[in-house]
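Have a look at data-v9.cif; it's mmCIF, C-alpha atoms:
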data_protein
#
loop_
_atom_site.label_atom_id
_atom_site.label_comp_id
_atom_site.auth_asym_id
_atom_site.auth_seq_id
_atom_site.Cartn_x
_atom_site.Cartn_y
_atom_site.Cartn_z
CA MET A 40 -12.67 54.22 45.59
CA SER A 41 -13.65 52.43 42.41
CA GLU A 42 -17.18 52.73 41.09
CA TRP A 43 -17.84 48.99 41.24
CA LEU A 44 -17.33 49.12 45.01
CA GLU A 45 -19.93 51.85 45.34
CA GLU A 46 -22.56 49.70 43.62
CA LEU A 47 -22.74 47.48 46.69
CA GLN A 48 -25.39 48.02 49.33
CA TRP A 49 -23.13 48.08 52.37
CA ASP A 50 -25.02 47.53 55.62
CA GLU A 51 -25.12 50.03 58.51
CA LYS A 52 -21.73 48.74 59.66
CA GLY A 53 -20.26 49.05 56.16
CA LEU A 54 -20.21 45.28 55.64
CA VAL A 55 -21.64 42.62 53.32
CA PRO A 56 -21.62 38.83 53.73
CA ALA A 57 -19.16 37.02 51.47
CA ILE A 58 -19.65 33.36 50.58
CA ALA A 59 -16.68 31.31 49.46
CA GLN A 60 -17.49 28.35 47.26
CA ASP A 61 -15.00 25.77 46.02
CA ALA A 62 -14.83 26.37 42.27
CA ALA A 63 -14.05 22.73 41.53
CA SER A 64 -16.40 20.80 43.83
CA GLY A 65 -19.09 23.46 44.25
CA ARG A 66 -19.00 22.97 48.02
CA VAL A 67 -19.86 26.04 50.09
CA LEU A 68 -16.82 26.49 52.30
CA THR A 69 -17.15 29.62 54.43
CA VAL A 70 -19.24 32.70 55.04
CA ALA A 71 -17.45 35.77 56.34
CA TRP A 72 -17.80 39.54 56.07
CA MET A 73 -16.16 42.18 53.92
CA ASN A 74 -15.92 45.94 54.11
CA ARG A 75 -14.92 48.11 51.13
CA GLU A 76 -11.24 47.72 51.91
CA ALA A 77 -11.45 43.92 52.18
CA LEU A 78 -13.31 43.59 48.90
CA ALA A 79 -10.98 45.98 47.10
CA GLU A 80 -7.95 44.05 48.35
CA THR A 81 -9.57 40.71 47.46
CA ALA A 82 -10.04 41.88 43.88
CA GLN A 83 -6.57 43.36 43.69
CA ARG A 84 -4.67 40.41 45.23
CA GLY A 85 -6.86 37.64 43.82
CA GLU A 86 -7.01 36.09 47.29
CA ALA A 87 -9.83 36.33 49.81
CA VAL A 88 -9.49 39.11 52.38
CA TYR A 89 -12.25 39.52 54.96
CA TRP A 90 -13.15 41.90 57.75
CA SER A 91 -12.90 40.07 61.05
CA ARG A 92 -15.75 41.37 63.21
CA SER A 93 -14.34 39.72 66.33
CA ARG A 94 -10.84 41.11 65.86
CA GLY A 95 -11.90 44.41 64.29
CA ARG A 96 -9.31 44.23 61.52
CA LEU A 97 -8.67 42.93 58.02
CA TRP A 98 -8.21 39.20 57.92
CA ARG A 99 -6.21 37.82 55.05
CA LYS A 100 -7.63 34.31 54.91
CA GLY A 101 -4.78 31.87 55.42
CA GLU A 102 -2.50 34.38 57.18
CA GLU A 103 -2.07 31.97 60.10
CA SER A 104 -3.24 28.64 58.67
CA GLY A 105 -1.77 28.93 55.18
CA HIS A 106 -5.24 28.02 53.88
CA VAL A 107 -5.44 30.81 51.34
CA GLN A 108 -8.47 31.09 49.07
CA ARG A 109 -7.42 31.96 45.54
CA VAL A 110 -10.25 33.80 43.81
CA ILE A 111 -11.37 32.40 40.46
CA GLU A 112 -14.45 34.57 40.14
CA LEU A 113 -16.24 37.31 42.08
CA ARG A 114 -20.01 37.56 41.81
CA LEU A 115 -22.64 39.94 43.15
CA ASP A 116 -26.31 39.22 43.80
CA CYS A 117 -29.37 41.06 42.50
CA ASP A 118 -29.73 43.21 45.63
CA ALA A 119 -25.99 43.97 45.54
CA ASP A 120 -25.73 43.11 49.23
CA THR A 121 -23.95 39.73 49.10
CA VAL A 122 -20.75 38.67 47.40
CA LEU A 123 -19.96 35.18 46.12
CA LEU A 124 -16.35 34.07 45.65
CA ARG A 125 -15.62 30.99 43.61
CA VAL A 126 -12.25 29.93 44.97
CA GLU A 127 -9.47 27.42 44.87
CA GLN A 128 -9.03 26.41 48.51
CA HIS A 129 -5.38 25.91 49.40
CA GLY A 130 -4.81 22.74 51.44
CA GLY A 131 -8.40 21.63 50.90
CA ILE A 132 -9.29 22.96 54.36
CA ALA A 133 -11.36 26.10 54.86
CA CYS A 134 -12.58 25.70 58.46
CA HIS A 135 -10.61 26.52 61.60
CA THR A 136 -11.71 23.12 62.96
CA GLY A 137 -9.54 21.46 60.29
CA ARG A 138 -12.47 20.45 58.10
CA GLU A 139 -12.98 21.10 54.38
CA SER A 140 -16.04 23.30 54.97
CA CYS A 141 -17.46 25.24 57.90
CA PHE A 142 -20.86 23.70 57.13
CA PHE A 143 -20.08 20.32 58.66
CA ARG A 144 -23.23 19.97 60.76
CA LYS A 145 -26.51 18.71 59.37
CA LEU A 146 -29.95 18.83 60.96
CA GLU A 147 -31.18 15.30 61.58
CA GLN A 148 -34.29 14.61 63.64
CA GLY A 149 -34.02 17.83 65.59
CA GLN A 150 -30.27 17.69 66.22
CA TRP A 151 -27.21 19.21 64.58
CA VAL A 152 -25.07 16.20 63.71
CA THR A 153 -21.40 16.49 62.66
CA MET A 154 -21.03 14.86 59.26
CA ASP A 155 -17.54 15.66 58.02
CA PRO A 156 -14.16 14.46 59.26
CA VAL A 157 -11.36 16.63 60.64
CA LEU A 158 -8.70 16.47 57.91
CA ARG A 159 -5.95 18.02 59.98
CA ASP A 160 -5.73 18.68 63.70
CA PRO A 161 -6.13 22.41 64.38
CA SER A 162 -3.12 22.35 66.73
CA ALA A 163 -1.02 21.21 63.78
CA ILE A 164 -2.47 23.98 61.62
CA TYR A 165 -2.14 26.84 64.06
CA GLY A 166 0.60 25.59 66.35
CA LYS A 167 0.27 25.37 70.13
CA LYS A 168 -1.27 28.35 71.86
CA MET B 258 -38.73 26.44 71.01
CA SER B 259 -36.62 23.43 70.15
CA GLU B 260 -33.11 23.12 71.48
CA TRP B 261 -31.52 22.99 68.02
CA LEU B 262 -32.87 26.49 67.33
CA GLU B 263 -31.23 27.81 70.47
CA GLU B 264 -27.81 26.59 69.32
CA LEU B 265 -27.75 29.31 66.68
CA GLN B 266 -25.99 32.61 67.28
CA TRP B 267 -28.80 34.93 66.25
CA ASP B 268 -27.62 38.46 65.56
CA GLU B 269 -28.81 41.55 67.43
CA LYS B 270 -31.92 41.61 65.24
CA GLY B 271 -32.59 37.92 65.86
CA LEU B 272 -31.54 36.94 62.33
CA VAL B 273 -28.99 34.76 60.53
CA PRO B 274 -28.08 34.68 56.82
CA ALA B 275 -29.42 31.65 54.96
CA ILE B 276 -27.80 30.47 51.73
CA ALA B 277 -29.81 28.36 49.31
CA GLN B 278 -27.76 26.10 47.06
CA ASP B 279 -29.14 23.94 44.27
CA ALA B 280 -28.64 20.38 45.50
CA ALA B 281 -28.21 19.00 41.98
CA SER B 282 -26.03 21.60 40.24
CA GLY B 283 -24.30 23.04 43.31
CA ARG B 284 -25.10 26.57 42.13
CA VAL B 285 -25.57 29.16 44.88
CA LEU B 286 -29.05 30.52 44.21
CA THR B 287 -30.02 33.04 46.89
CA VAL B 288 -29.01 34.53 50.19
CA ALA B 289 -31.78 35.70 52.47
CA TRP B 290 -32.38 35.99 56.21
CA MET B 291 -34.14 33.84 58.79
CA ASN B 292 -35.39 34.42 62.28
CA ARG B 293 -36.25 31.57 64.69
CA GLU B 294 -39.77 31.30 63.35
CA ALA B 295 -38.63 31.15 59.71
CA LEU B 296 -36.06 28.45 60.42
CA ALA B 297 -38.49 26.42 62.52
CA GLU B 298 -41.09 26.58 59.77
CA THR B 299 -38.49 25.75 57.09
CA ALA B 300 -37.54 22.58 58.97
CA GLN B 301 -41.16 21.66 59.66
CA ARG B 302 -42.50 22.26 56.13
CA GLY B 303 -39.43 21.14 54.21
CA GLU B 304 -39.65 24.33 52.13
CA ALA B 305 -37.63 27.51 52.53
CA VAL B 306 -39.25 30.23 54.64
CA TYR B 307 -37.34 33.48 55.16
CA TRP B 308 -37.74 36.67 57.11
CA SER B 309 -38.24 39.55 54.70
CA ARG B 310 -36.40 42.52 56.19
CA SER B 311 -37.99 44.94 53.71
CA ARG B 312 -41.54 43.73 54.35
CA GLY B 313 -41.05 42.91 58.02
CA ARG B 314 -42.82 39.56 57.79
CA LEU B 315 -42.29 35.88 57.07
CA TRP B 316 -41.71 35.20 53.40
CA ARG B 317 -42.60 31.75 52.16
CA LYS B 318 -40.30 31.56 49.14
CA GLY B 319 -42.46 31.00 46.08
CA GLU B 320 -45.64 32.38 47.64
CA GLU B 321 -46.06 34.77 44.69
CA SER B 322 -43.78 33.29 42.03
CA GLY B 323 -44.44 29.61 42.63
CA HIS B 324 -40.68 29.19 42.79
CA VAL B 325 -40.64 27.12 45.96
CA GLN B 326 -37.35 25.79 47.34
CA ARG B 327 -37.78 22.24 48.60
CA VAL B 328 -35.21 21.56 51.31
CA ILE B 329 -33.07 18.49 50.83
CA GLU B 330 -30.66 19.26 53.65
CA LEU B 331 -30.14 21.92 56.32
CA ARG B 332 -26.60 22.69 57.45
CA LEU B 333 -25.07 24.96 60.08
CA ASP B 334 -21.58 26.45 60.10
CA CYS B 335 -18.90 26.24 62.78
CA ASP B 336 -19.82 29.58 64.34
CA ALA B 337 -23.51 28.64 64.25
CA ASP B 338 -24.35 31.99 62.70
CA THR B 339 -25.11 30.98 59.08
CA VAL B 340 -27.45 28.36 57.66
CA LEU B 341 -26.99 26.50 54.37
CA LEU B 342 -29.98 24.96 52.61
CA ARG B 343 -29.40 22.45 49.86
CA VAL B 344 -32.59 22.73 47.85
CA GLU B 345 -34.52 21.59 44.83
CA GLN B 346 -35.47 24.83 43.08
CA HIS B 347 -38.97 24.65 41.64
CA GLY B 348 -39.11 26.06 38.09
CA GLY B 349 -35.33 26.37 37.94
CA ILE B 350 -35.63 30.07 38.76
CA ALA B 351 -34.64 31.48 42.14
CA CYS B 352 -34.19 35.20 41.37
CA HIS B 353 -36.96 37.79 41.14
CA THR B 354 -35.34 38.96 37.88
CA GLY B 355 -36.33 35.63 36.29
CA ARG B 356 -32.82 34.17 36.39
CA GLU B 357 -31.69 30.84 37.80
CA SER B 358 -29.53 32.48 40.48
CA CYS B 359 -29.37 35.90 42.10
CA PHE B 360 -25.60 35.86 41.54
CA PHE B 361 -25.77 36.69 37.86
CA ARG B 362 -23.19 39.49 37.84
CA LYS B 363 -19.47 38.86 37.63
CA LEU B 364 -16.63 41.29 38.23
CA GLU B 365 -14.69 41.81 35.00
CA GLN B 366 -12.05 44.49 34.64
CA GLY B 367 -13.61 46.69 37.33
CA GLN B 368 -17.21 46.28 36.22
CA TRP B 369 -20.12 44.10 37.31
CA VAL B 370 -21.15 42.32 34.11
CA THR B 371 -24.42 40.40 33.74
CA MET B 372 -23.59 36.84 32.75
CA ASP B 373 -26.78 34.82 32.96
CA PRO B 374 -29.94 34.97 30.83
CA VAL B 375 -33.43 35.83 32.02
CA LEU B 376 -35.27 32.51 31.76
CA ARG B 377 -38.72 33.96 32.25
CA ASP B 378 -39.93 37.54 32.15
CA PRO B 379 -40.71 38.76 35.68
CA SER B 380 -44.03 40.21 34.50
CA ALA B 381 -45.05 36.68 33.49
CA ILE B 382 -43.93 35.34 36.87
CA TYR B 383 -45.55 37.96 39.08
CA GLY B 384 -48.32 39.30 36.82
CA LYS B 385 -48.78 42.93 35.97
CA LYS B 386 -48.42 45.42 38.79
#
Would you give me this structure, written as structure tokens?
Amino acid sequence: MSEWLEELQWDEKGLVPAIAQDAASGRVLTVAWMNREALAETAQRGEAVYWSRSRGRLWRKGEESGHVQRVIELRLDCDADTVLLRVEQHGGIACHTGRESCFFRKLEQGQWVTMDPVLRDPSAIYGKK
Amino acid sequence: MSEWLEELQWDEKGLVPAIAQDAASGRVLTVAWMNREALAETAQRGEAVYWSRSRGRLWRKGEESGHVQRVIELRLDCDADTVLLRVEQHGGIACHTGRESCFFRKLEQGQWVTMDPVLRDPSAIYGKK
């Protein structure tokens, strides 16, 4: 493994959170998790690869949806336990609900209110199940 | 506890990651953790309160440094397991190293390279130890 990968403070499961931010608009799009392999492949391919905790395998973002995140820049925080990806979001949709960003709910008077429109119906993105 | 707090998917330690983003510049400043109490107090005070995992107590951001994060907007992601705070960063410094953002290192040719200047010496922020 490369030295730069060893500088990270991987948690007890060998993971760190990875934030994807749209490089153009600055919008925070997604938060997912990476293990060493996912981060190494992200750097090598120049496209976001995460570790899917629910599926227990590498998840090449966009593998089903086509909504690939091309990496413009990879950043690390002071504690070396969180990664920030500035990305170009293919299709302008990062969320599996068909929205630009996963952060589409806002707290208003004690309720989480959906603020952002669905840009494309998920059944059109993922096909019928 | 309020219903909106129960909608979150707290992890096995009762925590969620919380991203603070500068509401004006869009810069991602910090990632820290919140438990129910921290999030409730954040919403109530309108200033970021985190759960310090290293100190095992609530951490009112800015309590030592003065670098309070005033919350403009609180957002939740689709999985309800990450919180995004759009904030006004008091003093323009979020990181304990005296930099604007904790994400001051960028991956360049297999090395983490420091990109951003120290705006204020930490010893001036926190006093001598």
(request) Name all residues at most 6 Å from Leu286 of chain B (count only C-alpha atoms; drop same-chain ones fewer than 5 positions away) and give them as a PyMOL selection string. (result) chain B and resi 277-278+358-359
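Here the question is which of A:Leu78, A:Gly65, A:Gly101, A:Pro156 gets nearest to Leu115 of chain A using all atoms listed in the file, and that residue is A:Leu78.
Atom CA of Ala280 of chain B to atom CA of His347 of chain B spans 11.8 Å [interatomic distance, one decimal].
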(request) Take the PyMOL selection byres ((chain B and resi 315) around 9), apply it to the structure above, and return the hits as a ChimeraX atom specification. (result) /B:291-292,294-295,306-310,312-314,316-317
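A straight line drawn from atom CA of Gly137 of chain A to atom CA of Thr69 of chain A is 12.6 Å long.
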